[in-house]
file run-v3.cif (mmCIF, C-alpha atoms)
data_run
#
loop_
_atom_site.label_atom_id
_atom_site.label_comp_id
_atom_site.auth_asym_id
_atom_site.auth_seq_id
_atom_site.Cartn_x
_atom_site.Cartn_y
_atom_site.Cartn_z
CA ALA N 1 -5.14 -9.69 -8.43
CA PHE N 2 -8.79 -10.34 -9.28
CA ALA N 3 -7.89 -11.64 -12.75
CA GLN N 4 -5.50 -14.09 -11.09
CA SER N 5 -7.65 -15.46 -8.26
CA GLY N 6 -11.19 -14.07 -8.55
CA PRO N 7 -13.06 -13.14 -5.32
CA ALA N 8 -10.50 -15.21 -3.36
CA MET N 9 -8.18 -12.20 -3.57
CA ILE N 10 -9.94 -11.08 -0.35
CA LEU N 11 -8.31 -14.09 1.35
CA ALA N 12 -5.03 -13.33 -0.46
CA TYR N 13 -4.85 -9.99 1.38
CA LEU N 14 -5.43 -11.77 4.71
CA LEU N 15 -2.73 -14.33 3.89
CA ALA N 16 -0.27 -11.57 2.91
CA ALA N 17 -1.06 -9.80 6.22
CA PHE N 18 -0.30 -13.00 8.14
CA LEU N 19 3.05 -13.34 6.30
CA ILE N 20 4.26 -9.86 7.34
CA ILE N 21 3.84 -10.58 11.10
CA PRO N 22 7.25 -12.32 11.63
CA THR N 23 8.99 -9.44 9.88
CA MET N 24 7.19 -6.90 12.09
CA LEU N 25 8.12 -8.78 15.27
CA ALA N 26 11.78 -9.04 14.23
CA LYS N 27 12.09 -5.44 13.08
CA SER N 28 10.33 -3.95 16.09
CA GLU N 29 12.67 -5.94 18.37
CA LEU N 30 15.77 -4.79 16.45
CA ALA N 31 14.64 -1.17 16.09
CA THR N 32 13.90 -0.83 19.82
CA ALA N 33 17.23 -2.50 20.76
CA MET N 34 19.20 -0.38 18.24
CA PRO N 35 17.18 2.78 17.53
CA ARG N 36 19.48 4.08 14.80
CA SER N 37 18.56 5.33 11.33
CA GLY N 38 19.47 2.93 8.54
CA GLY N 39 17.09 0.11 9.42
CA THR N 40 17.91 -3.14 7.62
CA TYR N 41 21.40 -2.00 6.59
CA PHE N 42 22.33 -1.06 10.18
CA PHE N 43 20.99 -4.31 11.71
CA ILE N 44 22.79 -6.57 9.20
CA ASP N 45 26.01 -4.54 9.40
CA ARG N 46 26.06 -4.92 13.20
CA SER N 47 25.16 -8.63 13.28
CA MET N 48 26.82 -10.05 10.13
CA GLY N 49 29.47 -7.52 9.14
CA PRO N 50 29.76 -4.66 6.63
CA LEU N 51 29.97 -6.85 3.50
CA LEU N 52 26.56 -8.42 4.06
CA GLY N 53 25.35 -5.05 5.35
CA ILE N 54 26.05 -3.57 1.90
CA PHE N 55 23.97 -6.31 0.23
CA GLY N 56 21.16 -5.81 2.75
CA GLY N 57 21.28 -2.05 2.23
CA PHE N 58 21.08 -2.38 -1.56
CA ALA N 59 18.23 -4.89 -1.28
CA ASN N 60 16.33 -2.44 0.93
CA TRP N 61 17.08 0.42 -1.47
CA PHE N 62 15.81 -1.59 -4.45
CA SER N 63 12.64 -2.64 -2.61
CA LEU N 64 11.87 1.02 -1.81
CA ALA N 65 12.66 2.04 -5.40
CA PHE N 66 10.36 -0.62 -6.89
CA LYS N 67 7.59 0.05 -4.37
CA SER N 68 7.78 3.78 -5.16
CA ALA N 69 7.81 3.19 -8.92
CA PHE N 70 4.83 0.83 -8.57
CA ALA N 71 2.87 3.51 -6.69
CA LEU N 72 3.91 6.41 -8.95
CA ILE N 73 2.97 4.63 -12.18
CA GLY N 74 -0.35 3.70 -10.57
CA LEU N 75 -0.88 7.36 -9.73
CA GLY N 76 -0.14 8.34 -13.34
CA TYR N 77 -2.91 6.03 -14.54
CA PHE N 78 -5.53 8.22 -12.90
CA ALA N 79 -4.97 10.80 -15.63
CA ILE N 80 -7.06 8.40 -17.79
CA LEU N 81 -10.13 9.84 -16.03
CA ILE N 82 -9.28 13.33 -17.28
CA TYR N 83 -7.62 12.43 -20.58
CA PRO N 84 -8.73 8.95 -21.83
CA GLU N 85 -6.30 9.03 -24.81
CA ILE N 86 -3.23 9.32 -22.57
CA ASN N 87 -0.26 7.19 -23.66
CA GLU N 88 2.34 5.30 -21.64
CA PHE N 89 5.02 7.98 -22.04
CA GLN N 90 2.70 10.68 -20.68
CA ILE N 91 1.82 8.47 -17.69
CA LYS N 92 5.54 8.15 -16.95
CA ILE N 93 5.99 11.95 -17.18
CA ILE N 94 3.25 12.38 -14.53
CA ALA N 95 4.90 9.73 -12.33
CA VAL N 96 8.32 11.45 -12.53
CA SER N 97 6.76 14.86 -11.79
CA VAL N 98 5.00 13.55 -8.69
CA CYS N 99 8.23 11.85 -7.58
CA LEU N 100 10.00 15.24 -7.73
CA ILE N 101 7.23 16.89 -5.66
CA PHE N 102 7.56 14.26 -2.90
CA THR N 103 11.34 14.57 -3.05
CA VAL N 104 11.02 18.29 -2.27
CA PHE N 105 8.77 17.49 0.75
CA ASN N 106 11.38 15.07 2.10
CA ILE N 107 14.26 17.50 1.53
CA LEU N 108 12.46 20.20 3.57
CA SER N 109 12.57 18.01 6.74
CA VAL N 110 11.27 14.81 8.33
CA LYS N 111 8.84 16.93 10.38
CA VAL N 112 7.33 18.60 7.28
CA ALA N 113 7.02 15.26 5.45
CA GLY N 114 5.49 13.70 8.58
CA ARG N 115 2.86 16.44 8.97
CA ILE N 116 1.90 16.22 5.30
CA GLN N 117 1.60 12.44 5.58
CA VAL N 118 -0.56 12.59 8.73
CA THR N 119 -2.95 14.98 6.98
CA LEU N 120 -3.11 12.81 3.85
CA VAL N 121 -3.67 9.60 5.84
CA ILE N 122 -6.52 11.06 7.94
CA MET N 123 -8.27 12.25 4.76
CA LEU N 124 -7.67 8.91 3.03
CA ILE N 125 -9.03 6.79 5.90
CA ALA N 126 -12.14 8.98 6.14
CA ILE N 127 -12.83 8.64 2.39
CA LEU N 128 -12.23 4.88 2.43
CA PHE N 129 -14.62 4.33 5.34
CA LEU N 130 -17.23 6.43 3.51
CA TYR N 131 -16.75 4.23 0.43
CA ILE N 132 -16.84 0.96 2.39
CA GLY N 133 -20.02 1.99 4.24
CA ALA N 134 -21.82 3.10 1.06
CA ALA N 135 -20.69 0.03 -0.91
CA PHE N 136 -21.46 -2.53 1.80
CA ILE N 137 -25.23 -2.12 1.45
CA SER N 138 -25.00 -2.46 -2.35
CA THR N 139 -22.98 -5.70 -2.56
CA ARG N 140 -24.45 -8.54 -4.62
CA PRO N 141 -23.90 -12.09 -3.20
CA GLU N 142 -23.70 -13.61 -6.70
CA ASN N 143 -20.52 -11.59 -7.37
CA TYR N 144 -18.65 -13.79 -4.86
CA GLN N 145 -19.46 -17.00 -6.78
CA PRO N 146 -17.41 -19.00 -7.60
CA PHE N 147 -15.21 -17.81 -4.74
CA MET N 148 -11.96 -19.56 -5.74
CA PRO N 149 -12.27 -20.27 -9.49
CA HIS N 150 -8.56 -20.98 -10.11
CA GLY N 151 -7.73 -23.11 -7.06
CA ILE N 152 -5.53 -22.78 -3.99
CA LEU N 153 -2.29 -22.16 -5.92
CA SER N 154 -3.75 -19.00 -7.48
CA LEU N 155 -4.62 -17.79 -3.97
CA ILE N 156 -1.01 -18.29 -2.81
CA SER N 157 0.50 -16.59 -5.87
CA THR N 158 -1.93 -13.66 -5.49
CA ALA N 159 -0.86 -13.29 -1.85
CA GLY N 160 2.69 -12.92 -3.19
CA LEU N 161 1.48 -10.29 -5.66
CA VAL N 162 -0.33 -8.14 -3.07
CA PHE N 163 2.34 -8.65 -0.36
CA VAL N 164 4.00 -5.43 -1.58
CA SER N 165 0.94 -3.60 -0.18
CA PHE N 166 2.17 -4.39 3.35
CA GLY N 167 5.82 -3.49 2.68
CA GLY N 168 5.55 -0.06 4.25
CA LEU N 169 4.52 -1.37 7.69
CA THR N 170 8.12 -1.94 8.82
CA LYS N 171 9.83 0.96 7.02
CA ILE N 172 9.49 3.13 10.14
CA ALA N 173 12.52 1.22 11.48
CA ASP N 174 14.63 3.00 8.85
CA ILE N 175 14.26 6.30 10.74
CA ALA N 176 14.22 4.90 14.31
CA GLU N 177 16.71 7.57 15.41
CA GLU N 178 14.15 10.31 14.66
CA ILE N 179 11.42 8.84 16.88
CA ASP N 180 10.65 9.88 20.47
CA ASN N 181 10.51 6.96 22.95
CA PRO N 182 11.32 4.33 20.28
CA GLY N 183 10.96 1.39 22.69
CA ARG N 184 7.23 2.12 22.98
CA ASN N 185 6.34 4.03 19.82
CA ILE N 186 7.95 1.85 17.13
CA PRO N 187 6.18 -1.44 18.03
CA LEU N 188 2.95 0.41 18.87
CA GLY N 189 3.02 2.29 15.54
CA MET N 190 3.77 -0.87 13.55
CA PHE N 191 0.99 -2.95 15.11
CA MET N 192 -1.64 -0.19 15.05
CA SER N 193 -0.81 0.35 11.38
CA PHE N 194 -1.00 -3.39 10.74
CA PHE N 195 -4.52 -3.74 12.17
CA VAL N 196 -5.89 -0.58 10.52
CA VAL N 197 -4.34 -1.34 7.11
CA THR N 198 -5.40 -5.01 7.10
CA PHE N 199 -8.95 -4.08 8.15
CA ILE N 200 -9.25 -1.44 5.41
CA TYR N 201 -7.66 -3.61 2.67
CA VAL N 202 -9.92 -6.59 3.33
CA LEU N 203 -13.13 -4.52 3.61
CA ALA N 204 -12.35 -2.25 0.63
CA VAL N 205 -11.40 -5.18 -1.60
CA GLY N 206 -14.37 -7.20 -0.32
CA VAL N 207 -17.01 -4.58 -1.11
CA THR N 208 -15.43 -3.75 -4.48
CA VAL N 209 -15.72 -7.41 -5.54
CA GLY N 210 -19.32 -7.34 -4.33
CA ILE N 211 -20.46 -4.32 -6.34
CA LEU N 212 -18.56 -4.65 -9.64
CA PRO N 213 -19.19 -7.25 -12.36
CA ALA N 214 -16.18 -9.54 -12.90
CA GLY N 215 -15.62 -8.30 -16.47
CA LYS N 216 -15.40 -4.69 -15.29
CA LEU N 217 -13.14 -5.42 -12.32
CA SER N 218 -10.69 -7.82 -13.96
CA GLY N 219 -7.62 -5.98 -15.28
CA SER N 220 -8.82 -2.48 -14.35
CA PRO N 221 -6.09 -0.09 -13.11
CA ILE N 222 -8.69 1.96 -11.15
CA PRO N 223 -10.98 -0.61 -9.42
CA LEU N 224 -12.01 1.40 -6.34
CA SER N 225 -12.85 4.44 -8.46
CA LEU N 226 -15.01 2.22 -10.68
CA GLY N 227 -16.67 0.83 -7.55
CA ALA N 228 -17.38 4.32 -6.25
CA GLY N 229 -18.82 5.25 -9.65
CA GLU N 230 -21.14 2.24 -9.47
CA ILE N 231 -22.74 3.42 -6.21
CA LEU N 232 -22.15 7.20 -6.10
CA GLY N 233 -21.91 8.14 -9.78
CA LYS N 234 -19.40 10.67 -11.13
CA PRO N 235 -18.79 12.36 -7.72
CA GLY N 236 -17.76 8.97 -6.33
CA VAL N 237 -15.22 8.45 -9.14
CA ILE N 238 -13.72 11.90 -8.51
CA ILE N 239 -13.52 11.48 -4.70
CA LEU N 240 -11.93 8.00 -4.83
CA SER N 241 -9.52 9.06 -7.59
CA LEU N 242 -8.37 12.02 -5.50
CA ALA N 243 -7.99 9.68 -2.50
CA ALA N 244 -5.87 7.27 -4.55
CA MET N 245 -3.66 10.10 -5.78
#
call {"tool": "encode", "arguments": {"input": "run-v3.cif", "output": "structure tokens"}}
result
Amino acid sequence: AFAQSGPAMILAYLLAAFLIIPTMLAKSELATAMPRSGGTYFFIDRSMGPLLGIFGGFANWFSLAFKSAFALIGLGYFAILIYPEINEFQIKIIAVSVCLIFTVFNILSVKVAGRIQVTLVIMLIAILFLYIGAAFISTRPENYQPFMPHGILSLISTAGLVFVSFGGLTKIADIAEEIDNPGRNIPLGMFMSFFVVTFIYVLAVGVTVGILPAGKLSGSPIPLSLGAGEILGKPGVIILSLAAM
């Protein structure tokens, strides 16, 4: 994202956040009116018929598959910190192994997967706020200049690139049937998540741009870990890498 739009990628995250709002409003309305598991497939099947429901269901399935693959390959890249000579095939082996571990968690039950996720998210938010606080005082104003080196079109295309980062905000609708008091908890959960996630994305990206030289940041698969290394040394790299994983 930085290679594509420079420091303006901070604005790209804000723009992508703005673009997810109509989807959140629509899905929260549908999920509270029809709190049934199946999400997008169920809504389209009920409103437009089973044929279009099948297409909607497959589109949703593919989006989840690509989002998961995107995250798992990213996770595999962190092995570079332990084994710098790692090749692409080995990264894929790590990604597949992690996928199997998460599959087991989900097979056990929604409750088990939910508890594991709550624990992971609390730890992750705490680490990210520690990083943002430590990095904020070390930012260099010159790193934000020029702010939009490739023009407004690069900002828009980067917003499209990072939009996937917000894709998970509405996925709770897919298991609406499992949620207590869905009329209150689904919209509340979506919007609380939206504000927390947007706040963290913009601040984390903002301070990372401010502490890393452009040459180091551009094209790096582990930017936040590099940023943590810049201000906290090796312990920072280890902590942020564990958080990312």
call {"tool": "closest_atom_pairs", "arguments": {"input": "run-v3.cif", "of": "region 87-181 of chain N", "to": "region 189-202 of chain N", "cutoff": "8 Å", "atoms": "all atoms listed in the file", "output": "tab-separated table"}}
result
residue	atom	partner	partner_atom	distance
N:Leu128	CA	N:Ile200	CA	7.6
N:Phe129	CA	N:Ile200	CA	7.9
N:Leu169	CA	N:Met190	CA	5.9
N:Thr170	CA	N:Met190	CA	6.5
N:Ile172	CA	N:Met190	CA	7.8
call {"tool": "write_last_selection", "arguments": {"input": "run-v3.cif", "atoms": "C-alpha atoms", "output": "PDB file, keeping the file's coordinate frame"}}
result
ATOM      1  CA  LEU N 128     -12.230   4.880   2.430  1.00  0.00           C
ATOM      2  CA  PHE N 129     -14.620   4.330   5.340  1.00  0.00           C
ATOM      3  CA  LEU N 169       4.520  -1.370   7.690  1.00  0.00           C
ATOM      4  CA  THR N 170       8.120  -1.940   8.820  1.00  0.00           C
ATOM      5  CA  ILE N 172       9.490   3.130  10.140  1.00  0.00           C
TER       6      ILE N 172
END
call {"tool": "closest_residue", "arguments": {"input": "run-v3.cif", "among": "N:Ser138, N:Thr208, N:Ser157, N:Thr40", "to": "Gly227 (chain N)", "atoms": "all atoms listed in the file"}}
result
N:Thr208
call {"tool": "atom_distance", "arguments": {"input": "run-v3.cif", "atom1": "CA of Leu30 (chain N)", "atom2": "CA of Ala16 (chain N)"}}
result
22.1 Å
call {"tool": "resolve_selection", "arguments": {"input": "run-v3.cif", "expression": "the PyMOL selection byres ((chain N and resi 137) around 10)", "output": "PyMOL selection string"}}
result
chain N and resi 132-136+138-140+207+210-211+231
call {"tool": "resolve_selection", "arguments": {"input": "run-v3.cif", "expression": "the PyMOL selection byres ((chain N and resi 13) around 8)", "output": "list in words"}}
result
Met9, Ile10, Leu11, Ala12, Leu14, Leu15, Ala16, Ala17, Ala159, Val162, Phe163, Thr198, Tyr201 and Val202 of chain N
call {"tool": "atom_distance", "arguments": {"input": "run-v3.cif", "atom1": "CA of Ile93 (chain N)", "atom2": "CA of Pro223 (chain N)"}}
result
22.5 Å
call {"tool": "closest_residue", "arguments": {"input": "run-v3.cif", "among": "N:Leu72, N:Ala3, N:Ala113, N:Ile82", "to": "Ile94 (chain N)", "atoms": "all atoms listed in the file"}}
result
N:Leu72
call {"tool": "atom_distance", "arguments": {"input": "run-v3.cif", "atom1": "CA of Ala204 (chain N)", "atom2": "CA of Leu232 (chain N)"}}
result
15.2 Å
call {"tool": "residues_around", "arguments": {"input": "run-v3.cif", "residues": "region 238-242 of chain N", "least_positions_apart": "2", "cutoff": "12 Å", "atoms": "all atoms listed in the file", "output": "PyMOL selection string"}}
result
chain N and resi 74-82+120+123-132+204+221-236+244-245
call {"tool": "resolve_selection", "arguments": {"input": "run-v3.cif", "expression": "the PyMOL selection byres ((chain N and resi 154) around 10)", "output": "PyMOL selection string"}}
result
chain N and resi 1+3-6+8-9+12+148-153+155-160
call {"tool": "closest_residue", "arguments": {"input": "run-v3.cif", "among": "N:Phe147, N:Cys99, N:Leu188, N:Phe2", "to": "Gly219 (chain N)", "atoms": "all atoms listed in the file"}}
result
N:Phe2
call {"tool": "residues_near_point", "arguments": {"input": "run-v3.cif", "point": "(9.7, 3.7, 24.2)", "cutoff": "12 Å", "atoms": "all atoms listed in the file", "output": "PyMOL selection string"}}
result
chain N and resi 28-29+31-35+176-177+179-189
call {"tool": "closest_residue", "arguments": {"input": "run-v3.cif", "among": "N:Ile73, N:Glu88, N:Phe42, N:Glu178", "to": "Ser109 (chain N)", "atoms": "only C-alpha atoms"}}
result
N:Glu178
call {"tool": "closest_residue", "arguments": {"input": "run-v3.cif", "among": "N:Asp174, N:Val96, N:Tyr41, N:Ile101", "to": "Phe55 (chain N)", "atoms": "all atoms listed in the file"}}
result
N:Tyr41
call {"tool": "closest_residue", "arguments": {"input": "run-v3.cif", "among": "N:Asn143, N:Asn60, N:Asn87, N:Ser165", "to": "Pro7 (chain N)", "atoms": "only C-alpha atoms"}}
result
N:Asn143
call {"tool": "axis_aligned_box", "arguments": {"input": "run-v3.cif", "around": "region 8-15 of chain N", "padding_each_side": "8 Å", "output": "JSON"}}
result
{"center_x": -6.6, "center_y": -12.6, "center_z": 0.6, "size_x": 23.8, "size_y": 21.2, "size_z": 24.3}
call {"tool": "residues_near_point", "arguments": {"input": "run-v3.cif", "point": "(7.1, -3.7, -1.4)", "cutoff": "6 Å", "atoms": "all atoms listed in the file", "output": "list in words"}}
result
Ser63, Lys67, Val164 and Gly167 of chain N
call {"tool": "build_atoms", "arguments": {"input": "run-v3.cif", "residues": "region 12-46 of chain N", "atoms": "N, CA and C atoms", "output": "PDB file, keeping the file's coordinate frame"}}
result
ATOM      1  N   ALA N  12      -6.452 -13.552  -0.133  1.00  0.00           N
ATOM      2  CA  ALA N  12      -5.030 -13.330  -0.460  1.00  0.00           C
ATOM      3  C   ALA N  12      -4.482 -12.162   0.358  1.00  0.00           C
ATOM      4  N   TYR N  13      -5.287 -11.117   0.555  1.00  0.00           N
ATOM      5  CA  TYR N  13      -4.850  -9.990   1.380  1.00  0.00           C
ATOM      6  C   TYR N  13      -4.669 -10.415   2.847  1.00  0.00           C
ATOM      7  N   LEU N  14      -5.568 -11.265   3.337  1.00  0.00           N
ATOM      8  CA  LEU N  14      -5.430 -11.770   4.710  1.00  0.00           C
ATOM      9  C   LEU N  14      -4.183 -12.634   4.861  1.00  0.00           C
ATOM     10  N   LEU N  15      -3.914 -13.468   3.858  1.00  0.00           N
ATOM     11  CA  LEU N  15      -2.730 -14.330   3.890  1.00  0.00           C
ATOM     12  C   LEU N  15      -1.458 -13.484   3.853  1.00  0.00           C
ATOM     13  N   ALA N  16      -1.439 -12.464   2.995  1.00  0.00           N
ATOM     14  CA  ALA N  16      -0.270 -11.570   2.910  1.00  0.00           C
ATOM     15  C   ALA N  16      -0.058 -10.843   4.240  1.00  0.00           C
ATOM     16  N   ALA N  17      -1.156 -10.460   4.909  1.00  0.00           N
ATOM     17  CA  ALA N  17      -1.060  -9.800   6.220  1.00  0.00           C
ATOM     18  C   ALA N  17      -0.433 -10.737   7.247  1.00  0.00           C
ATOM     19  N   PHE N  18      -0.847 -12.003   7.216  1.00  0.00           N
ATOM     20  CA  PHE N  18      -0.300 -13.000   8.140  1.00  0.00           C
ATOM     21  C   PHE N  18       1.212 -13.165   7.913  1.00  0.00           C
ATOM     22  N   LEU N  19       1.638 -13.118   6.645  1.00  0.00           N
ATOM     23  CA  LEU N  19       3.050 -13.340   6.300  1.00  0.00           C
ATOM     24  C   LEU N  19       3.968 -12.196   6.745  1.00  0.00           C
ATOM     25  N   ILE N  20       3.415 -11.003   6.945  1.00  0.00           N
ATOM     26  CA  ILE N  20       4.260  -9.860   7.340  1.00  0.00           C
ATOM     27  C   ILE N  20       4.508  -9.854   8.852  1.00  0.00           C
ATOM     28  N   ILE N  21       3.734 -10.619   9.632  1.00  0.00           N
ATOM     29  CA  ILE N  21       3.840 -10.580  11.100  1.00  0.00           C
ATOM     30  C   ILE N  21       5.242 -10.934  11.607  1.00  0.00           C
ATOM     31  N   PRO N  22       5.889 -12.034  11.140  1.00  0.00           N
ATOM     32  CA  PRO N  22       7.250 -12.320  11.630  1.00  0.00           C
ATOM     33  C   PRO N  22       8.241 -11.198  11.368  1.00  0.00           C
ATOM     34  N   THR N  23       8.113 -10.565  10.213  1.00  0.00           N
ATOM     35  CA  THR N  23       8.990  -9.440   9.880  1.00  0.00           C
ATOM     36  C   THR N  23       8.782  -8.280  10.843  1.00  0.00           C
ATOM     37  N   MET N  24       7.510  -7.993  11.166  1.00  0.00           N
ATOM     38  CA  MET N  24       7.190  -6.900  12.090  1.00  0.00           C
ATOM     39  C   MET N  24       7.756  -7.176  13.483  1.00  0.00           C
ATOM     40  N   LEU N  25       7.611  -8.420  13.951  1.00  0.00           N
ATOM     41  CA  LEU N  25       8.120  -8.780  15.270  1.00  0.00           C
ATOM     42  C   LEU N  25       9.645  -8.621  15.324  1.00  0.00           C
ATOM     43  N   ALA N  26      10.315  -9.113  14.280  1.00  0.00           N
ATOM     44  CA  ALA N  26      11.780  -9.040  14.230  1.00  0.00           C
ATOM     45  C   ALA N  26      12.261  -7.597  14.152  1.00  0.00           C
ATOM     46  N   LYS N  27      11.631  -6.817  13.278  1.00  0.00           N
ATOM     47  CA  LYS N  27      12.090  -5.440  13.080  1.00  0.00           C
ATOM     48  C   LYS N  27      11.779  -4.546  14.268  1.00  0.00           C
ATOM     49  N   SER N  28      10.646  -4.771  14.912  1.00  0.00           N
ATOM     50  CA  SER N  28      10.330  -3.950  16.090  1.00  0.00           C
ATOM     51  C   SER N  28      11.301  -4.260  17.221  1.00  0.00           C
ATOM     52  N   GLU N  29      11.685  -5.548  17.358  1.00  0.00           N
ATOM     53  CA  GLU N  29      12.670  -5.940  18.370  1.00  0.00           C
ATOM     54  C   GLU N  29      14.027  -5.290  18.088  1.00  0.00           C
ATOM     55  N   LEU N  30      14.472  -5.354  16.831  1.00  0.00           N
ATOM     56  CA  LEU N  30      15.770  -4.790  16.450  1.00  0.00           C
ATOM     57  C   LEU N  30      15.779  -3.262  16.555  1.00  0.00           C
ATOM     58  N   ALA N  31      14.696  -2.634  16.098  1.00  0.00           N
ATOM     59  CA  ALA N  31      14.640  -1.170  16.090  1.00  0.00           C
ATOM     60  C   ALA N  31      14.579  -0.593  17.509  1.00  0.00           C
ATOM     61  N   THR N  32      13.951  -1.322  18.437  1.00  0.00           N
ATOM     62  CA  THR N  32      13.900  -0.830  19.820  1.00  0.00           C
ATOM     63  C   THR N  32      15.230  -1.105  20.543  1.00  0.00           C
ATOM     64  N   ALA N  33      15.924  -2.203  20.155  1.00  0.00           N
ATOM     65  CA  ALA N  33      17.230  -2.500  20.760  1.00  0.00           C
ATOM     66  C   ALA N  33      18.320  -1.582  20.211  1.00  0.00           C
ATOM     67  N   MET N  34      18.203  -1.239  18.907  1.00  0.00           N
ATOM     68  CA  MET N  34      19.200  -0.380  18.240  1.00  0.00           C
ATOM     69  C   MET N  34      18.467   0.730  17.483  1.00  0.00           C
ATOM     70  N   PRO N  35      17.955   1.730  18.208  1.00  0.00           N
ATOM     71  CA  PRO N  35      17.180   2.780  17.530  1.00  0.00           C
ATOM     72  C   PRO N  35      18.070   3.756  16.751  1.00  0.00           C
ATOM     73  N   ARG N  36      18.611   3.268  15.649  1.00  0.00           N
ATOM     74  CA  ARG N  36      19.480   4.080  14.800  1.00  0.00           C
ATOM     75  C   ARG N  36      18.908   4.106  13.389  1.00  0.00           C
ATOM     76  N   SER N  37      19.032   5.239  12.709  1.00  0.00           N
ATOM     77  CA  SER N  37      18.560   5.330  11.330  1.00  0.00           C
ATOM     78  C   SER N  37      19.406   4.421  10.442  1.00  0.00           C
ATOM     79  N   GLY N  38      18.783   3.868   9.422  1.00  0.00           N
ATOM     80  CA  GLY N  38      19.470   2.930   8.540  1.00  0.00           C
ATOM     81  C   GLY N  38      18.750   1.609   8.438  1.00  0.00           C
ATOM     82  N   GLY N  39      17.943   1.287   9.463  1.00  0.00           N
ATOM     83  CA  GLY N  39      17.090   0.110   9.420  1.00  0.00           C
ATOM     84  C   GLY N  39      17.827  -1.167   9.068  1.00  0.00           C
ATOM     85  N   THR N  40      17.381  -1.831   8.015  1.00  0.00           N
ATOM     86  CA  THR N  40      17.910  -3.140   7.620  1.00  0.00           C
ATOM     87  C   THR N  40      19.421  -3.120   7.452  1.00  0.00           C
ATOM     88  N   TYR N  41      19.943  -2.087   6.803  1.00  0.00           N
ATOM     89  CA  TYR N  41      21.400  -2.000   6.590  1.00  0.00           C
ATOM     90  C   TYR N  41      22.122  -2.012   7.944  1.00  0.00           C
ATOM     91  N   PHE N  42      21.657  -1.197   8.878  1.00  0.00           N
ATOM     92  CA  PHE N  42      22.330  -1.060  10.180  1.00  0.00           C
ATOM     93  C   PHE N  42      22.293  -2.381  10.956  1.00  0.00           C
ATOM     94  N   PHE N  43      21.127  -3.064  10.957  1.00  0.00           N
ATOM     95  CA  PHE N  43      20.990  -4.310  11.710  1.00  0.00           C
ATOM     96  C   PHE N  43      21.926  -5.392  11.149  1.00  0.00           C
ATOM     97  N   ILE N  44      21.956  -5.522   9.817  1.00  0.00           N
ATOM     98  CA  ILE N  44      22.790  -6.570   9.200  1.00  0.00           C
ATOM     99  C   ILE N  44      24.269  -6.244   9.350  1.00  0.00           C
ATOM    100  N   ASP N  45      24.610  -4.969   9.232  1.00  0.00           N
ATOM    101  CA  ASP N  45      26.010  -4.540   9.400  1.00  0.00           C
ATOM    102  C   ASP N  45      26.518  -4.885  10.796  1.00  0.00           C
ATOM    103  N   ARG N  46      25.673  -4.653  11.810  1.00  0.00           N
ATOM    104  CA  ARG N  46      26.060  -4.920  13.200  1.00  0.00           C
ATOM    105  C   ARG N  46      26.142  -6.419  13.502  1.00  0.00           C
TER     106      ARG N  46
END
